[in-house]
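Novice: Sending over model_4.txt (compact mmCIF, C-alpha atoms).
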```txt
# COMPACT_ATOMS: atom_id res chain seq x y z
CA MET A 1 -0.77 56.88 35.27
CA LEU A 2 0.20 56.35 31.69
CA ARG A 3 2.23 58.66 29.44
CA VAL A 4 1.25 58.10 25.81
CA GLY A 5 2.71 59.55 22.64
CA LEU A 6 0.39 59.81 19.66
CA THR A 7 2.11 60.36 16.34
CA GLY A 8 1.68 59.98 12.62
CA GLY A 9 3.02 61.48 9.43
CA LEU A 10 1.54 64.32 7.44
CA ALA A 11 -2.25 63.97 7.00
CA SER A 12 -2.31 60.53 8.60
CA GLY A 13 -5.29 61.39 10.79
CA LYS A 14 -3.60 61.66 14.18
CA SER A 15 -5.56 64.81 15.05
CA THR A 16 -8.79 62.90 14.47
CA VAL A 17 -7.58 60.12 16.76
CA ALA A 18 -6.50 62.69 19.33
CA ALA A 19 -9.95 64.25 19.39
CA GLN A 20 -11.55 60.84 19.85
CA LEU A 21 -9.22 59.92 22.72
CA ARG A 22 -9.95 63.24 24.42
CA ALA A 23 -13.68 62.62 24.08
CA LEU A 24 -13.22 59.19 25.68
CA GLY A 25 -11.49 60.71 28.71
CA ALA A 26 -7.80 61.11 27.95
CA GLU A 27 -5.89 64.18 29.04
CA LEU A 28 -4.30 65.55 25.88
CA ILE A 29 -1.84 68.20 24.79
CA GLU A 30 -0.82 69.13 21.25
CA ALA A 31 2.91 69.55 20.72
CA ASP A 32 2.35 71.54 17.52
CA GLU A 33 0.23 74.07 19.40
CA LEU A 34 2.88 74.33 22.11
CA GLY A 35 5.43 75.09 19.43
CA ARG A 36 3.23 77.72 17.82
CA VAL A 37 2.75 79.52 21.12
CA MET A 38 6.48 79.44 21.86
CA MET A 39 7.20 80.98 18.47
CA GLU A 40 5.08 84.04 19.19
CA PRO A 41 6.77 87.44 19.78
CA GLY A 42 7.99 87.89 23.33
CA GLN A 43 8.68 84.20 23.88
CA PRO A 44 12.25 82.93 24.48
CA VAL A 45 11.98 80.52 21.53
CA PHE A 46 10.99 83.40 19.23
CA ALA A 47 14.01 85.39 20.40
CA ALA A 48 16.32 82.40 19.91
CA ILE A 49 15.06 81.79 16.37
CA VAL A 50 15.55 85.43 15.39
CA ALA A 51 19.01 85.50 16.99
CA HIS A 52 20.04 82.39 15.07
CA PHE A 53 18.45 82.98 11.66
CA GLY A 54 18.44 86.77 11.54
CA ASP A 55 15.86 89.56 11.37
CA ASN A 56 14.80 88.51 7.86
CA VAL A 57 12.65 85.76 9.39
CA VAL A 58 10.47 88.41 11.06
CA ALA A 59 7.49 89.64 9.03
CA ASP A 60 6.30 93.25 8.89
CA ASP A 61 3.72 92.57 11.61
CA GLY A 62 6.45 91.50 14.07
CA HIS A 63 5.61 87.80 13.95
CA LEU A 64 7.77 85.12 12.41
CA ASP A 65 7.53 84.87 8.66
CA ARG A 66 6.59 81.21 8.66
CA ALA A 67 6.84 80.85 4.90
CA ARG A 68 10.39 82.21 4.99
CA LEU A 69 11.26 80.00 7.95
CA ALA A 70 9.81 76.93 6.22
CA HIS A 71 11.87 77.72 3.13
CA LEU A 72 15.04 77.95 5.21
CA ALA A 73 14.22 74.71 7.02
CA PHE A 74 13.10 72.52 4.13
CA ALA A 75 14.49 74.05 0.94
CA GLU A 76 17.82 75.27 2.33
CA GLY A 77 18.44 72.29 4.61
CA ARG A 78 18.39 74.12 7.94
CA LEU A 79 15.66 72.09 9.61
CA GLN A 80 18.09 70.63 12.16
CA GLU A 81 19.07 74.11 13.30
CA LEU A 82 15.44 75.09 13.80
CA ASN A 83 14.54 71.86 15.60
CA ALA A 84 17.51 72.24 17.95
CA ILE A 85 15.89 75.45 19.21
CA ILE A 86 12.27 74.30 19.34
CA HIS A 87 12.35 70.65 20.43
CA PRO A 88 14.00 71.01 23.88
CA ALA A 89 11.63 73.83 24.84
CA VAL A 90 8.55 71.92 23.69
CA LEU A 91 9.59 68.75 25.54
CA ALA A 92 10.21 70.71 28.74
CA ALA A 93 6.73 72.22 28.46
CA GLN A 94 5.24 68.76 27.90
CA GLN A 95 6.91 67.54 31.07
CA ARG A 96 5.52 70.45 33.11
CA TRP A 97 2.07 69.68 31.74
CA MET A 98 2.37 65.98 32.60
CA ASP A 99 3.57 66.77 36.11
CA ALA A 100 0.49 68.92 36.65
CA VAL A 101 -1.85 66.28 35.20
CA PHE A 102 -0.54 63.47 37.38
CA GLU A 103 -0.46 65.63 40.49
CA LYS A 104 -4.16 66.30 40.00
CA SER A 105 -5.10 62.79 38.81
CA PRO A 106 -2.52 60.04 39.44
CA ASP A 107 -4.52 57.52 37.38
CA ALA A 108 -4.79 59.71 34.29
CA VAL A 109 -3.91 58.69 30.76
CA ALA A 110 -1.91 61.65 29.46
CA VAL A 111 -1.54 61.81 25.69
CA VAL A 112 0.97 63.97 23.83
CA GLU A 113 -0.07 64.46 20.21
CA SER A 114 3.05 65.13 18.16
CA ALA A 115 3.94 64.56 14.53
CA LEU A 116 7.63 64.31 15.38
CA ILE A 117 8.12 61.90 18.29
CA PHE A 118 10.56 59.73 16.35
CA GLU A 119 12.05 62.64 14.45
CA VAL A 120 12.97 64.31 17.75
CA VAL A 121 15.01 61.22 18.61
CA ARG A 122 16.59 61.08 15.16
CA ASP A 123 17.53 64.75 15.22
CA ALA A 124 18.98 64.56 18.73
CA ARG A 125 21.18 61.63 17.75
CA LEU A 126 22.31 63.47 14.62
CA ARG A 127 23.41 66.29 16.90
CA GLY A 128 25.50 63.79 18.86
CA GLU A 129 23.19 63.26 21.83
CA THR A 130 23.12 59.65 23.02
CA THR A 131 21.20 59.85 26.29
CA GLY A 132 18.38 61.91 27.74
CA PRO A 133 14.75 62.54 26.78
CA LEU A 134 15.45 63.85 23.29
CA ALA A 135 17.63 60.90 22.31
CA ASP A 136 15.27 58.20 23.63
CA TRP A 137 11.51 58.69 23.70
CA ARG A 138 11.11 55.99 26.35
CA ASN A 139 12.69 58.40 28.84
CA ARG A 140 9.53 60.49 28.62
CA LEU A 141 6.76 58.20 27.33
CA ASP A 142 5.45 54.79 28.34
CA ARG A 143 3.77 53.94 25.05
CA VAL A 144 3.67 55.30 21.51
CA ILE A 145 0.73 55.00 19.13
CA VAL A 146 1.35 55.47 15.42
CA VAL A 147 -1.47 56.46 13.07
CA THR A 148 -0.72 55.38 9.52
CA ALA A 149 -2.28 55.73 6.08
CA PRO A 150 -1.14 55.13 2.49
CA VAL A 151 1.17 57.86 1.22
CA GLU A 152 -0.95 58.78 -1.81
CA LEU A 153 -4.02 59.14 0.39
CA ARG A 154 -2.10 61.40 2.75
CA VAL A 155 -0.89 63.58 -0.12
CA ALA A 156 -4.46 63.87 -1.40
CA ARG A 157 -5.70 64.81 2.08
CA TYR A 158 -3.05 67.50 2.38
CA VAL A 159 -3.93 69.01 -1.00
CA HIS A 160 -7.62 69.00 -0.07
CA ARG A 161 -6.80 70.65 3.27
CA VAL A 162 -4.71 73.53 1.96
CA CYS A 163 -6.29 74.23 -1.43
CA PRO A 164 -9.59 76.09 -1.85
CA PRO A 165 -12.28 74.42 -3.98
CA ASN A 166 -11.49 76.72 -6.89
CA ALA A 167 -7.73 76.11 -6.80
CA THR A 168 -6.01 75.93 -10.17
CA ALA A 169 -4.15 72.89 -11.38
CA THR A 170 -0.90 74.76 -10.80
CA GLU A 171 -1.85 75.53 -7.20
CA ARG A 172 -2.82 71.92 -6.56
CA ALA A 173 0.43 70.69 -8.09
CA ALA A 174 2.37 73.07 -5.84
CA ALA A 175 0.49 71.79 -2.79
CA GLU A 176 1.21 68.19 -3.78
CA ALA A 177 4.90 69.00 -4.20
CA GLU A 178 4.94 70.63 -0.77
CA ALA A 179 3.29 67.56 0.78
CA ARG A 180 5.91 65.26 -0.73
CA ARG A 181 8.73 67.53 0.38
CA ARG A 182 7.46 67.49 3.96
CA LEU A 183 7.00 63.73 3.88
CA ALA A 184 10.59 63.36 2.73
CA HIS A 185 11.76 64.96 5.98
CA GLN A 186 9.68 62.59 8.11
CA ILE A 187 10.73 59.10 9.08
CA PRO A 188 8.97 56.51 6.86
CA ASP A 189 6.00 54.77 8.43
CA ALA A 190 7.69 51.38 8.12
CA GLU A 191 10.39 52.49 10.57
CA LYS A 192 7.87 54.05 12.94
CA LEU A 193 5.69 50.95 12.98
CA ALA A 194 8.67 48.84 14.01
CA GLU A 195 9.10 51.05 17.10
CA ALA A 196 5.42 51.55 17.93
CA ASP A 197 3.52 49.89 20.74
CA ASP A 198 0.19 50.29 18.95
CA VAL A 199 -0.73 51.03 15.33
CA LEU A 200 -3.96 52.53 14.00
CA GLU A 201 -4.50 52.27 10.25
CA ASN A 202 -6.62 55.11 8.92
CA THR A 203 -7.74 54.41 5.37
CA GLY A 204 -10.67 56.84 5.42
CA ASP A 205 -13.43 54.73 7.00
CA ALA A 206 -14.45 57.01 9.88
CA GLU A 207 -16.53 54.42 11.72
CA ALA A 208 -13.83 51.75 11.46
CA LEU A 209 -11.28 54.19 12.88
CA ARG A 210 -13.60 55.12 15.75
CA GLU A 211 -14.00 51.44 16.65
CA LYS A 212 -10.22 50.98 16.66
CA VAL A 213 -9.73 54.00 18.91
CA THR A 214 -12.43 52.86 21.33
CA LYS A 215 -10.81 49.43 21.60
CA LEU A 216 -7.40 51.02 22.12
CA TRP A 217 -8.76 53.30 24.84
CA THR A 218 -9.95 50.27 26.81
CA LYS A 219 -6.43 48.84 26.55
CA LEU A 220 -4.82 52.09 27.71
CA GLN A 221 -7.10 52.25 30.74
CA GLN A 222 -6.11 48.73 31.70
CA GLU A 223 -2.42 49.57 31.38
CA ARG A 224 -2.38 52.93 33.15
CA ASN A 225 -1.60 51.56 36.60
CA SER A 226 1.38 49.54 35.35
CA PHE A 227 3.42 52.75 35.18
CA ARG A 228 3.64 54.60 38.45
CA LEU A 229 6.46 57.12 38.59
CA PRO A 230 7.04 59.56 35.72
CA GLN A 231 10.66 59.99 34.80
CA SER A 232 11.93 63.54 34.79
CA LEU A 233 13.13 65.24 31.65
CA GLN A 234 16.00 66.69 33.66
```
Have the structure of the file written as structure tokens, please.
Specialist:
Amino acid sequence: MLRVGLTGGLASGKSTVAAQLRALGAELIEADELGRVMMEPGQPVFAAIVAHFGDNVVADDGHLDRARLAHLAFAEGRLQELNAIIHPAVLAAQQRWMDAVFEKSPDAVAVVESALIFEVVRDARLRGETTGPLADWRNRLDRVIVVTAPVELRVARYVHRVCPPNATATERAAAEAEARRRLAHQIPDAEKLAEADDVLENTGDAEALREKVTKLWTKLQQERNSFRLPQSLQ
């Protein structure tokens, strides 16, 4: 077995790498999708967010007003409060998923795609936690892969992703500002690369990236039996 974390900053291309690893045979779960599901009405995380931030974060349709929540988190400096609710629940769900994967296939390579692997550690330590799975990613993962790309390229990718083809210059400028604001809340790539076990540089050459991922997959398969017993998140 091998527990792998796949991470990368905004618009780095980690989702592309994740899809390629899945196609090659990896078991894969998306932390962002887990978080989205947990933030749906009726879920404990949804209830905890509303209890903490107030009813004004609930839209007219009964779902979370994500724009309002993003404003509170990024513009009003309350991201730590939000992460303290979401991160523990998401990590516990990841552990349950990994337990099920390895029970079914002990030799699996299980990949967790998450933009915030290192940020979870940073945030936990800022809250005063010094031990446990949130404060040290090696308590829950055997290896971490970082996907990286130049900042300006990532900003351009984000703008292209969120803006329609007929977007005005003002709309594109707003999207660029939002990209830079989000990047400012993420740990710089230089720090992530120093902690990473493997690095994939994604400069936009799709075939070159595919070759790197294929080579990395061979390495992960060779390493998977070096790690036998998953450590519990408890």
Novice: What lies within 12 Å of Lys104 of chain A using all atoms listed in the file, ignoring chain neighbours under 6 positions off, as a list of chain:residue names?
Specialist: A:Met1, A:Glu27, A:Trp97, A:Met98, A:Ala110
Novice: Go through A:Asp55, A:Arg182, A:Lys192, A:Cys163 and flag the residue nearest Val121 of chain A, using only C-alpha atoms for the distances.
Specialist: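 Of A:Asp55, A:Arg182, A:Lys192, A:Cys163, the one nearest Val121 of chain A is A:Lys192, counting only C-alpha atoms.
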Novice: Could you check how far atom CA of Ala84 of chain A sits from atom CA of Arg180 of chain A, in Å to one decimal?
Specialist: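 Computing the Euclidean distance for atom CA of Ala84 of chain A and atom CA of Arg180 of chain A yields 23.1 Å.
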Novice: Write out as a count of residues only the residues lying within 12 Å of Leu34 of chain A, counting only C-alpha atoms and excluding same-chain residues fewer than 3 positions away.
Specialist: 25
Novice: Given all atoms listed in the file as the basis, pick out the residue of A:Gln20, A:Asn83, A:Ile117, A:Pro41 nearest to Ile145 of chain A.
Specialist: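 So, comparing all the options, the nearest one is A:Ile117.
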Novice: Quote the spacing between atom CA of Leu64 of chain A and atom CA of Arg36 of chain A in Å to one decimal place.
Specialist: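 Going from atom CA of Leu64 of chain A over to atom CA of Arg36 of chain A, I get 10.2 Å.
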Novice: I'd like to know which of A:Ser226, A:Gln186, A:Thr16, A:Thr203 is closest to Thr148 of chain A, using all atoms listed in the file.
Specialist: A:Thr203
Novice: Using all atoms listed in the file, which of the listed residues (A:Val111, A:Leu6, A:Ala156, A:Val213) sits closest to Ala179 of chain A?
Specialist: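 For Ala179 of chain A, the nearest of the candidates is A:Ala156.
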Novice: At a cut-off of 10 Å, using all atoms listed in the file, what residues contact Leu141 of chain A? Leave out same-chain residues fewer than 2 positions from it and give the result as number ranges by chain.
Specialist: A: 2-5, 110-112, 117, 133, 136-139, 143-144, 230-231
Novice: By how many Å are atom CA of Gly54 of chain A and atom CA of Gly35 of chain A apart?
Specialist: 19.2 Å
Novice: Any idea what's packed within 9 Å of Gly25 of chain A, counting only C-alpha atoms, ignoring anything in its chain fewer than 5 positions away? Could you give it as a list in words?
Specialist: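 Surrounding residues, per the criterion: Gln20, Ala108, Val109 and Trp217 of chain A.
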Novice: Would you mind telling me which residue in A:Ala115, A:Ala196, A:Ala184, A:Val162 lies nearest to Gly8 of chain A when using all atoms listed in the file?
Specialist: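 Distance minimum relative to Gly8 of chain A lands on A:Ala115.
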Novice: Between A:Leu10, A:Val155, A:Ala18, A:Val146, which residue has the minimum interatomic distance to Ala177 of chain A, considering only C-alpha atoms?
Specialist: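 Among the listed residues, A:Val155 lies closest to Ala177 of chain A.
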Novice: Could you add the missing atoms to segment 78-107 of chain A, up to N, CA and C atoms, and return them as a compact mmCIF listing (two decimals), in the coordinates of the input?
Specialist:
```txt
# COMPACT_ATOMS: atom_id res chain seq x y z
N ARG A 78 18.05 73.63 6.61
CA ARG A 78 18.39 74.12 7.94
C ARG A 78 17.38 73.67 9.00
N LEU A 79 16.67 72.59 8.69
CA LEU A 79 15.66 72.09 9.61
C LEU A 79 16.27 71.68 10.95
N GLN A 80 17.45 71.06 10.92
CA GLN A 80 18.09 70.63 12.16
C GLN A 80 18.36 71.82 13.08
N GLU A 81 18.78 72.92 12.50
CA GLU A 81 19.07 74.11 13.30
C GLU A 81 17.80 74.62 13.99
N LEU A 82 16.71 74.63 13.24
CA LEU A 82 15.44 75.09 13.80
C LEU A 82 14.94 74.14 14.89
N ASN A 83 15.02 72.85 14.62
CA ASN A 83 14.54 71.86 15.60
C ASN A 83 15.36 71.89 16.89
N ALA A 84 16.66 72.19 16.77
CA ALA A 84 17.51 72.24 17.95
C ALA A 84 17.09 73.35 18.90
N ILE A 85 16.41 74.37 18.37
CA ILE A 85 15.89 75.45 19.21
C ILE A 85 14.52 75.08 19.79
N ILE A 86 13.67 74.52 18.94
CA ILE A 86 12.27 74.30 19.34
C ILE A 86 12.07 73.05 20.18
N HIS A 87 12.66 71.93 19.79
CA HIS A 87 12.35 70.65 20.43
C HIS A 87 12.62 70.63 21.94
N PRO A 88 13.78 71.07 22.43
CA PRO A 88 14.00 71.01 23.88
C PRO A 88 12.98 71.83 24.67
N ALA A 89 12.61 72.99 24.14
CA ALA A 89 11.63 73.83 24.84
C ALA A 89 10.26 73.18 24.86
N VAL A 90 9.86 72.58 23.75
CA VAL A 90 8.55 71.92 23.69
C VAL A 90 8.51 70.72 24.63
N LEU A 91 9.57 69.92 24.66
CA LEU A 91 9.59 68.75 25.54
C LEU A 91 9.56 69.16 27.01
N ALA A 92 10.24 70.23 27.35
CA ALA A 92 10.21 70.71 28.74
C ALA A 92 8.80 71.15 29.12
N ALA A 93 8.10 71.80 28.19
CA ALA A 93 6.73 72.22 28.46
C ALA A 93 5.80 71.02 28.59
N GLN A 94 6.03 69.99 27.77
CA GLN A 94 5.24 68.76 27.90
C GLN A 94 5.41 68.14 29.28
N GLN A 95 6.65 68.13 29.77
CA GLN A 95 6.91 67.54 31.07
C GLN A 95 6.19 68.30 32.18
N ARG A 96 6.22 69.64 32.10
CA ARG A 96 5.52 70.45 33.11
C ARG A 96 4.03 70.16 33.08
N TRP A 97 3.48 69.99 31.86
CA TRP A 97 2.07 69.68 31.74
C TRP A 97 1.76 68.31 32.35
N MET A 98 2.59 67.32 32.04
CA MET A 98 2.37 65.98 32.60
C MET A 98 2.46 65.98 34.12
N ASP A 99 3.43 66.69 34.66
CA ASP A 99 3.57 66.77 36.11
C ASP A 99 2.29 67.30 36.74
N ALA A 100 1.71 68.33 36.12
CA ALA A 100 0.49 68.92 36.65
C ALA A 100 -0.70 67.96 36.52
N VAL A 101 -0.77 67.24 35.41
CA VAL A 101 -1.85 66.28 35.20
C VAL A 101 -1.81 65.19 36.25
N PHE A 102 -0.64 64.60 36.47
CA PHE A 102 -0.54 63.47 37.38
C PHE A 102 -0.62 63.89 38.84
N GLU A 103 -0.27 65.13 39.13
CA GLU A 103 -0.46 65.63 40.49
C GLU A 103 -1.95 65.74 40.81
N LYS A 104 -2.71 66.15 39.81
CA LYS A 104 -4.16 66.30 40.00
C LYS A 104 -4.87 64.96 39.93
N SER A 105 -4.42 64.07 39.02
CA SER A 105 -5.10 62.79 38.81
C SER A 105 -4.06 61.71 38.54
N PRO A 106 -3.59 61.03 39.60
CA PRO A 106 -2.52 60.04 39.44
C PRO A 106 -2.85 58.89 38.49
N ASP A 107 -4.13 58.63 38.25
CA ASP A 107 -4.52 57.52 37.38
C ASP A 107 -4.85 57.97 35.96
```
